[in-house]
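Remarks on the structure that follows.
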Amino acid sequence: MPLVKTEGVEKQFGAHPVLKGIDLTVERGQVVSIIGRSGSGKSTLLRALNGLESIDAGSIEIDGAHVDARHADLRALRLKVGMVFQQYNLFPHLTAGENVMLAQTVVKKTSRKEARAIAQQMLERVGLAGKFDAYPDQLSGGQQQRVAIARALAMKPSVLLCDEITSALDPELVGEVLGVVESLAREDMTLIMVTHEMRFARAVSDNVVFMHEGRVWESGPPEEIFGRPSTLELRRFVQ
Amino acid sequence: MIEFSFAQIVEGLLLAARWTVLLSLVSFITGGVVGLLLLVMRVSQSRVLRSLVRLYIEVFQGTPLLLQLFIVYFGLPLLGIDVSPWMAATLGLTFFTSAYLAEIWRGCVEAVPKGQWEASASLAMNYFEQLRHVILPQAARIAIAPTVGFGVQAIKDTALVSIIGFAELTKAGTQISNATFRPFLVYGLVALIYFALCYPLTRYARALQRKWHAAR
Amino acid sequence: MTYQLQFGDLAAYAGMFASGAAVTLALTAASTLLGIGLGIAGAAIHQSRRAAARTAVHAYVEAIRNTPFLVQLFFVFFGLPALGVHIGEYTAAVLAMTLNLGAYSIEILRAGIDAVPRGHREAAAALAMSRRETFVHVLLPQAFAKVFPALASQIVITMLGSAVVSQISVADLTYAASYVQSRNFRAFETYFLIAGVYLAMALLLRAALTVAGRRLFMRNMRGAR
């Protein structure tokens with residue numbers, strides 16, 4: 001039983017169709033990279049998976065939570081799906097530790113003591129053990145993004161979505177974030193990543209999905225997608 | 001013509017100025033409380049509440065404050081409610097101030113970056129939780145400078161209550177000017193006292209604005 | 001004592017209200033033209049390299065912004081005659097409104113001018129344009145287009161604020177209302193209705209200014225950057 005399953009997902013912005021029928025399955029523990037040109041719909045698809053974008057047709061099923069055009073139990077969905085953003089979106093008025101704690105206490109009603117322990121653990125997990133009391137503006141971009149990852153992980157999601165999480169980082173900071181993602185992959189975390197980092201995608205993914213003009217154009221293991229692209233569009237893209 | 005010395009004029013005006021300060025503070029606070037209530041309704045998910053508040057704000061921002069004061073002061077007694085000038089002044093200024101503050105604060109809520117809404121939504125927070133823990137704390141920070149700036153407006157607005165007979169600074173100015181036949185001096189002093197009250201607040205608001213922008 | 005709301009009586013005074021409204025609009029129009037002109041002049045003077053000129057403009061703007069309009073009006077109408085300058089109530093009203101709107105306009109325009117990207121100033125200088133030419137042909141048009149909504153708001157505020165000129169016996173809309181309610185003893189209905197008329201005028205004025213703004217600055221917006 002796949003952890004993530006989308007069937008015929010469609011989405012329009014006004015008169016402009018962005019997703020034209022997406023069928024995607026992701027098994028538990030898989031790492032999937034979604035690649036494609038800007039405008040191909042990859043970010044929209046990712047955002048539909050945690051309900052930030054509604055869908056016009058089709059269905060999405062993630063670990064028992066169900067989304068379609070008419071009905072979406074967003075709270076249940078978001079408890080199973082975590083997201084890390086390109087712009088980190090840390091809460092500036094809270095420290096790193098408090099950022100990680102907030103949703104646990106507010107949404108899951110965890111006690112502050114337990115939430116704090118989990119937060120400390122998560123920050124250690126991403127290599128920021130000593131930064132609990134630091135405010136976001138005191139941290140580098142790479143550190144902020146790692147806090148964002150810790151914040152999403154603290155909710156113990158079944159799936160973690162990563163929306164171009166290194167695109168806004170200075171080149172020398174990209175490595176520390178990719179290092180964390182790689183360790184998550186090794187621990188069998190189910191990951192769906194929209195990324196431009198082709199080498200990284202090739203190295204950690206079980207499956208790569210190439211999107212073009214709102215459709216899944218090609219998908220398969222990295223060696224096939226990058227080594228033996230079948231369609232013209234993919235060939236052009238990987239050059 | 002009554003002979004008043006310069007010192008007596010100044011004393012008379014300063015004594016009346018205390019009422020100006022008091023009224024400004026009271027109306028700003030009551031206006032703020034009502035404004036906060038309006039804000040919560042304005043950003044709520046109920047379209048009915050949002051529209052009602054928009055209407056309220058449209059009405060109180062789209063009509064002269066003087067008429068609002070007249071309606072409260074002259075109108076209410078005719079409906080059986082007795083109002084002293086103090087009550088009418090406070091009530092009238094409260095409605096007016098609340099509309100402006102609610103608008104200012106709504107702008108501050110909208111200034112919070114969209115990413116904050118998305119991040120907190122992704123953490124499965126509902127609308128109320130988002131507002132309470134993530135959005136409003138940030139909006140409050142943004143709101144400090146313009147709210148202080150509006151305090152200046154609140155002080156100036158109190159001048160209108162002189163017209164419905166409330167004895168604050170402008171009314172004292174009118175009375176003393178009529179008594180002494182020295183309008184240039186008296187109104188000049190009145191202006192100076194308002195300036196002394198308002199200018200420090202203006203500067204403070206500007207400093208807060210710079211601090212906020214520099215921090216971002 | 002129960003009070004029956006009676007709006008019917010007011011119909012008889014429609015003519016009076018109409019002329020009051022006309023006076024209000026005329027005062028607003030006059031002070032808008034003069035006030036915006038004053039605003040442009042003040043913003044221009046503020047560009048000066050001479051500190052004294054800039055300080056003078058600052059002083060004027062701060063004096064107006066930190067004192068109530070009512071006091072400014074009284075100062076102009078009651079205070080100036082004491083210096084030998086005799087002006088009628090209509091002139092005093094327009095003068096006070098102009099000085100008031102002028103000060104706020106200077107502030108608004110200054111913000112607009114500061115917002116023009118530095119590169120434009122440099123490009124103009126590179127083309128050997130003088131500071132004055134740069135101001136007139138490059139800075140002011142862009143600033144004006146950008147801050148037009150803020151200016152429009154200020155104009156509406158001026159119109160609503162003009163209600164107080166009724167206190168120096170200018171026969172504007174508020175004056176008409178006060179007169180009528182003293183005759184028919186229906187203060188609530190009269191003021192309520194007149195408040196509605198002001199609201200309608202404010203909405204119309206705002207709409208008219210928005211349309212005017214779009215017409216004037218269409219070309220500006222299409223040729224952005």
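Residues in the structure tokens are numbered from 1 in each chain, the chains being A, B, ... in the order shown, and ligands are numbered from 1 in the order shown.
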
> Which chain B residues are at most 12 Å from chain A (counting only C-alpha atoms), as a PyMOL selection string?
Replying inline: chain B and resi 112-142+215-216

> Using only C-alpha atoms, which residues sit within 6 Å of stretch 34-44 of chain B once same-chain residues fewer than 4 positions away are excluded, as a ChimeraX atom specification?
Replying inline: /B:49-50,53,98,101-102

Restricting it to C-alpha atoms, dump the selection as a PDB file, in the first residue's frame.
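Below is the file selection.pdb, written as the result:
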ATOM      1  CA  LEU B  49     -18.315  40.047  10.374  1.00  0.00           C
ATOM      2  CA  ARG B  50     -15.729  41.309   7.908  1.00  0.00           C
ATOM      3  CA  VAL B  53     -16.559  46.036  10.207  1.00  0.00           C
ATOM      4  CA  SER B  98     -11.477  52.835  16.846  1.00  0.00           C
ATOM      5  CA  LEU B 101      -6.834  52.150  14.636  1.00  0.00           C
ATOM      6  CA  ALA B 102      -8.602  49.073  13.280  1.00  0.00           C
TER       7      ALA B 102
END

Please, which residues in chain B fall within 9 Å of chain C when counting only C-alpha atoms, and what is the closest atom pair and distance in Å to one decimal for each, ordered by chain then residue number, as CSV?
residue,atom,partner,partner_atom,distance
B:Glu58,CA,C:Leu199,CA,8.5
B:Val59,CA,C:Leu199,CA,7.0
B:Gln61,CA,C:Ile157,CA,8.7
B:Gly62,CA,C:Leu199,CA,5.0
B:Thr63,CA,C:Leu199,CA,5.3
B:Pro64,CA,C:Leu160,CA,4.8
B:Leu65,CA,C:Gly161,CA,7.7
B:Leu66,CA,C:Ala163,CA,6.8
B:Leu67,CA,C:Ala195,CA,6.3
B:Gln68,CA,C:Ala195,CA,7.7
B:Phe70,CA,C:Tyr191,CA,7.0
B:Ile71,CA,C:Phe188,CA,5.7
B:Val72,CA,C:Phe188,CA,8.3
B:Phe74,CA,C:Ala187,CA,5.9
B:Gly75,CA,C:Phe188,CA,4.1
B:Leu76,CA,C:Phe188,CA,7.4
B:Leu78,CA,C:Tyr3,CA,6.5
B:Leu79,CA,C:Tyr3,CA,5.8
B:Gly80,CA,C:Met1,CA,6.6
B:Val152,CA,C:Asn66,CA,7.2
B:Gln153,CA,C:Asn66,CA,8.4
B:Ile155,CA,C:Pro68,CA,8.2
B:Lys156,CA,C:Pro68,CA,4.7
B:Asp157,CA,C:Pro68,CA,6.9
B:Thr158,CA,C:Pro68,CA,8.5
B:Ala159,CA,C:Pro68,CA,6.5
B:Leu160,CA,C:Leu70,CA,7.1
B:Ile163,CA,C:Gln167,CA,8.1
B:Thr170,CA,C:Val71,CA,7.0
B:Thr174,CA,C:Phe74,CA,8.6
B:Ser177,CA,C:Phe78,CA,9.0
B:Phe181,CA,C:Ala82,CA,8.7
B:Arg182,CA,C:Ala82,CA,7.3
B:Pro183,CA,C:Gly79,CA,4.9
B:Phe184,CA,C:Gly79,CA,3.9
B:Leu185,CA,C:Gly79,CA,7.6
B:Val186,CA,C:Gly79,CA,8.5
B:Tyr187,CA,C:Phe75,CA,5.6
B:Gly188,CA,C:Phe75,CA,6.9
B:Val190,CA,C:Val71,CA,7.5
B:Ala191,CA,C:Thr67,CA,5.9
B:Leu192,CA,C:Thr67,CA,8.0
B:Ile193,CA,C:Thr67,CA,8.7
B:Tyr194,CA,C:Thr67,CA,5.6
B:Phe195,CA,C:Asn66,CA,5.2
B:Ala196,CA,C:Asn66,CA,8.4
B:Leu197,CA,C:Asn66,CA,8.2
B:Cys198,CA,C:Asn66,CA,5.3
B:Tyr199,CA,C:Asn66,CA,5.9
B:Thr202,CA,C:Asn66,CA,7.8

> Tell me, which residues of stretch 22-183 of chain A carry DSSP helix (DSSP H, G or I), written as a PyMOL selection string?
Replying inline: chain A and resi 42-49+74-80+96-106+112-125+129-131+136-138+141-153+171-183

Report as an mmCIF file with C-alpha atoms, in the first residue's frame all protein, DNA and RNA residues lying within 8 Å of stretch 186-190 of chain A, evaluated on only C-alpha atoms, omitting residues in the same chain fewer than 5 positions from it.
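So the final result, stored in selection.cif, reads:
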data_model
loop_
_atom_site.group_PDB
_atom_site.id
_atom_site.type_symbol
_atom_site.label_atom_id
_atom_site.label_comp_id
_atom_site.auth_asym_id
_atom_site.auth_seq_id
_atom_site.Cartn_x
_atom_site.Cartn_y
_atom_site.Cartn_z
ATOM 1 C CA GLU A 27 6.175 4.009 -1.137
ATOM 2 C CA ARG A 28 7.119 4.300 2.492
ATOM 3 C CA GLY A 29 10.799 5.039 2.915
ATOM 4 C CA GLN A 30 11.281 6.171 -0.684
ATOM 5 C CA VAL A 31 13.084 9.330 -1.689
ATOM 6 C CA SER A 158 5.074 10.310 7.642
ATOM 7 C CA VAL A 159 6.254 12.294 4.640
ATOM 8 C CA LEU A 160 8.550 15.305 4.415
#

>> Residues near stretch 44-61 of chain C, anyone? I mean within 9 Å using only C-alpha atoms, not counting same-chain ones fewer than 5 positions away, as an MDAnalysis selection string.
In response: chainID C and resid 39 66 100 102:104 106:107 110 131:132 135:136 140

> If we count only C-alpha atoms, what is near B:Pro146 at a cut-off of 10 Å, once residues fewer than 4 positions away on the same chain are taken out, given as a list in words?
Replying inline: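 Result of the neighbour search: Leu101, Ile104, Trp105, Cys108, Ile142, Phe150, Gly151, Ala205, Arg206, Leu208 and Gln209 of chain B.
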
> Which residues come within 7 Å of C:Thr24, counting only C-alpha atoms, excluding same-chain residues fewer than 3 positions away, as a list in words?
Replying inline: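 With the cut-off at 7 Å, the set is Gly20, Ala21, Leu27, Thr28, Asp172 and Leu173 of chain C.
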
>> Would you pick out the contacts of A:Gly141 at 12 Å or less, using only C-alpha atoms, so that residues sharing its chain but fewer than 6 positions from it are not included, and give the list as a PyMOL selection string?
In response: chain A and resi 86-90+147-148+165-177
